[in-house]
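The next block holds one structure in the form of structure tokens; read it before the comments.
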Amino acid sequence: MEAMEDDSLDIKDDHNHNYCASSSSSSSSSSKVRTYLRSQLSVVTTVPQPAGPPVPGGEPGTRRGKLWSGSTVGSKLMDSDSGSESSEVSETDCTAPPPAVEGNLTLDSNVTSKFLLNAMAVEDYRKNHWPNLEKAIDRLLIQNPTDHISVSYAQIYSYVYKCVCQQHSELLYNDLTLKITNHLEQVSTHLQARPPEDFIENFNVALTQYTASLQCIVPVFMYLNKFYIESKLNRDLREDLMNLFADHVAEIHVNTLMPLLIKAHSMPFQVQPSTMASVVKGLYSLRPDWAQLAPDLFSGFIPQINPPAVESLLPDYAAHDQKLQMELSMNGFPRGDQSRKRASDDS
């Protein structure tokens, strides 16, 4: 009862029976209201806000929650001037987007780091991987088919595998083709300096040696062939390297080589038959169209070069065979002992 009496307001009555509170009781009432509001608003520390972009200068959402604290709301209720000013500052800070400079700097730094890593990887390829591969390719290109050269195929295979995994396939392919192209240009220059009587033999040596080298080079570059040449270029490594020989060696000397082959074919055993067969078959594998330059020459080593036989031309075929037998017998190749041959019924 005493507390209630203390909390009660002092009421005065004027002569018109108008009740009003005294100034002292009015000020005490206002202070009690402020105290009550402060006690209620102090419970609320932060107002939950939706997730948004991180605010510069602190953790995401931390600064935003502090701006909407209970003390700020209380200050709004207590003082309109100060509350309006604080509300303007709070909204400005909360709605301001993060500076765009940080994002640009982050993007530029990522691009720069990737560029530096790529440059370091290319430098490592130039200094370590390719020099070792180049030395091995040199040894494989100049070896003779009958020679044995000690080459670590496992090490070459490992270098090629690392280059492909480090995204250097295109660089490795270009270096490989350039290396072999330079070698073939030297081979072509060497053939031009050979005398005509030895040209067929020298050409056969160059073709045989190059083909044997590819039997070692192509397998160790299997990863390059599978994951770059076949998948991206839709070609084959062996075919590309054989085309290099056709472009830089065979095509340059075909006009010199073809008359020598025709002359050697007309004079039996002037050139070893195995050498003739190797050169003619090699030219046909490089460019099948070259068979049209000398159909009779190519038909002697490769089937189905001439058109199909026609029944009406059988007498001509027989006459051609008799003429060939006569030429062979005149050149010292007798038909042999015919005494044991069974006589025909007509005789």
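Chain identifiers are assigned as A, B, and so on, following the order in which chains appear in the structure tokens; residues are numbered from 1 within each chain, and ligands are numbered from 1 in order of appearance.
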Contacts of region 155-212 of chain A with region 126-134 of chain A up to 8 Å, shortest pair per row, only C-alpha atoms, as CSV:
```
residue,atom,partner,partner_atom,distance
A:Ile156,CA,A:Leu133,CA,6.3
A:Tyr159,CA,A:His129,CA,5.9
A:Cys163,CA,A:His129,CA,7.5
A:Leu172,CA,A:Trp130,CA,7.8
A:Lys179,CA,A:Glu134,CA,7.8
```
Using all heavy atoms, can you export the residues from the last selection as a PDB file, in the first residue's frame?
```pdb
ATOM      1  N   ILE A 156      61.678 -41.411 -71.813  1.00  0.00           N
ATOM      2  CA  ILE A 156      61.030 -40.595 -72.853  1.00  0.00           C
ATOM      3  C   ILE A 156      59.514 -40.624 -72.679  1.00  0.00           C
ATOM      4  O   ILE A 156      58.826 -39.600 -72.772  1.00  0.00           O
ATOM      5  CB  ILE A 156      61.423 -41.105 -74.256  1.00  0.00           C
ATOM      6  CG1 ILE A 156      62.943 -41.066 -74.431  1.00  0.00           C
ATOM      7  CG2 ILE A 156      60.742 -40.284 -75.340  1.00  0.00           C
ATOM      8  CD1 ILE A 156      63.417 -41.699 -75.714  1.00  0.00           C
ATOM      9  N   TYR A 159      58.536 -38.305 -69.862  1.00  0.00           N
ATOM     10  CA  TYR A 159      58.560 -36.894 -70.240  1.00  0.00           C
ATOM     11  C   TYR A 159      57.339 -36.516 -71.070  1.00  0.00           C
ATOM     12  O   TYR A 159      56.729 -35.457 -70.855  1.00  0.00           O
ATOM     13  CB  TYR A 159      59.841 -36.586 -71.030  1.00  0.00           C
ATOM     14  CG  TYR A 159      61.086 -36.502 -70.183  1.00  0.00           C
ATOM     15  CD1 TYR A 159      62.264 -37.144 -70.573  1.00  0.00           C
ATOM     16  CD2 TYR A 159      61.103 -35.776 -68.996  1.00  0.00           C
ATOM     17  CE1 TYR A 159      63.405 -37.075 -69.796  1.00  0.00           C
ATOM     18  CE2 TYR A 159      62.247 -35.708 -68.216  1.00  0.00           C
ATOM     19  CZ  TYR A 159      63.387 -36.363 -68.623  1.00  0.00           C
ATOM     20  OH  TYR A 159      64.521 -36.289 -67.864  1.00  0.00           O
ATOM     21  N   CYS A 163      54.367 -33.789 -70.069  1.00  0.00           N
ATOM     22  CA  CYS A 163      54.052 -32.650 -70.939  1.00  0.00           C
ATOM     23  C   CYS A 163      52.568 -32.614 -71.293  1.00  0.00           C
ATOM     24  O   CYS A 163      51.944 -31.541 -71.306  1.00  0.00           O
ATOM     25  CB  CYS A 163      54.893 -32.707 -72.207  1.00  0.00           C
ATOM     26  SG  CYS A 163      56.660 -32.448 -71.937  1.00  0.00           S
ATOM     27  N   LEU A 172      54.293 -29.371 -77.593  1.00  0.00           N
ATOM     28  CA  LEU A 172      55.110 -30.563 -77.842  1.00  0.00           C
ATOM     29  C   LEU A 172      54.945 -31.054 -79.282  1.00  0.00           C
ATOM     30  O   LEU A 172      55.927 -31.450 -79.927  1.00  0.00           O
ATOM     31  CB  LEU A 172      54.721 -31.662 -76.855  1.00  0.00           C
ATOM     32  CG  LEU A 172      55.453 -32.996 -76.986  1.00  0.00           C
ATOM     33  CD1 LEU A 172      56.950 -32.807 -76.791  1.00  0.00           C
ATOM     34  CD2 LEU A 172      54.904 -34.005 -75.985  1.00  0.00           C
ATOM     35  N   LYS A 179      61.217 -30.400 -85.363  1.00  0.00           N
ATOM     36  CA  LYS A 179      62.472 -31.133 -85.249  1.00  0.00           C
ATOM     37  C   LYS A 179      62.635 -32.130 -86.388  1.00  0.00           C
ATOM     38  O   LYS A 179      63.697 -32.215 -87.020  1.00  0.00           O
ATOM     39  CB  LYS A 179      62.508 -31.858 -83.899  1.00  0.00           C
ATOM     40  CG  LYS A 179      63.741 -32.710 -83.671  1.00  0.00           C
ATOM     41  CD  LYS A 179      64.987 -31.855 -83.611  1.00  0.00           C
ATOM     42  CE  LYS A 179      66.221 -32.708 -83.390  1.00  0.00           C
ATOM     43  NZ  LYS A 179      67.461 -31.899 -83.401  1.00  0.00           N
TER      44      LYS A 179
END
```
Neighbours of Phe221 (chain A) within 9 Å (only C-alpha atoms; same-chain residues fewer than 6 positions away dropped), as an mmCIF file with N, CA and C atoms, in the first residue's frame?
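around.cif, written as the output of this step:
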```cif
data_model
loop_
_atom_site.group_PDB
_atom_site.id
_atom_site.type_symbol
_atom_site.label_atom_id
_atom_site.label_comp_id
_atom_site.auth_asym_id
_atom_site.auth_seq_id
_atom_site.Cartn_x
_atom_site.Cartn_y
_atom_site.Cartn_z
ATOM 1 N N ILE A 156 61.678 -41.411 -71.813
ATOM 2 C CA ILE A 156 61.030 -40.595 -72.853
ATOM 3 C C ILE A 156 59.514 -40.624 -72.679
ATOM 4 N N TYR A 157 58.985 -41.811 -72.420
ATOM 5 C CA TYR A 157 57.550 -41.968 -72.210
ATOM 6 C C TYR A 157 57.091 -41.122 -71.016
ATOM 7 N N VAL A 160 56.985 -37.364 -72.020
ATOM 8 C CA VAL A 160 55.816 -37.080 -72.861
ATOM 9 C C VAL A 160 54.547 -37.058 -72.016
ATOM 10 N N TYR A 161 54.435 -37.994 -71.095
ATOM 11 C CA TYR A 161 53.260 -38.057 -70.224
ATOM 12 C C TYR A 161 53.143 -36.786 -69.382
ATOM 13 N N LEU A 237 49.485 -39.707 -85.590
ATOM 14 C CA LEU A 237 50.865 -39.225 -85.534
ATOM 15 C C LEU A 237 51.723 -39.860 -86.619
#
```
Task: Within 12 Å of region 291-298 of chain A using only C-alpha atoms, minus same-chain residues under 4 positions, as a PyMOL selection string - done: chain A and resi 254-255+257-266+276-287+302-307
Task: Atom pair CA of Leu184 (chain A) / CA of Asp247 (chain A): separation (Å) - done: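 Spanning CA of Leu184 (chain A) to CA of Asp247 (chain A) is a straight-line distance of 9.4 Å.
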Open item on the list: as a PyMOL selection string, please: every residue in region 87-332 of chain A that DSSP puts in alpha helix (DSSP H).
Closed with: chain A and resi 87-95+100-124+130-141+153-165+169-192+199-220+222-224+237-245+251-266+273-286+295-299+314-330
Open item on the list: Calculated over only C-alpha atoms, which of the candidates A:Val151, A:Cys165, A:Leu328, A:Ile142 has the smallest distance to Val205 (chain A)?
Closed with: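 With only C-alpha atoms as the atom set, the closest residue is A:Ile142.
Candidate residues A:Thr177, A:Gln155, A:Thr256, A:Thr189 were compared for distance to Glu239 (chain A), and the nearest is A:Thr177, using only C-alpha atoms.
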Open item on the list: Please determine, counting only C-alpha atoms, which residue among A:Leu324, A:Ala193, A:Ile229, A:Val220 has the shortest atom-to-atom distance to Pro268 (chain A).
Closed with: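 Among the listed residues, the smallest separation from Pro268 (chain A) belongs to A:Leu324.
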TODO: Tell me which of A:Val122, A:Val310, A:Val164, A:Val249 sits closest to Phe227 (chain A), counting only C-alpha atoms.
DONE: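 Using only C-alpha atoms, Phe227 (chain A) sits closest to A:Val164.
Note that CA of Glu197 (chain A) and CA of Asp138 (chain A) are 29.1 Å apart.
CA of Asn174 (chain A) sits 18.4 Å away from CA of Ser213 (chain A).
Proximity ranking of A:Trp290, A:Asn202, A:Glu230, A:Asn182 relative to Leu244 (chain A) places A:Asn182 first, based on only C-alpha atoms.
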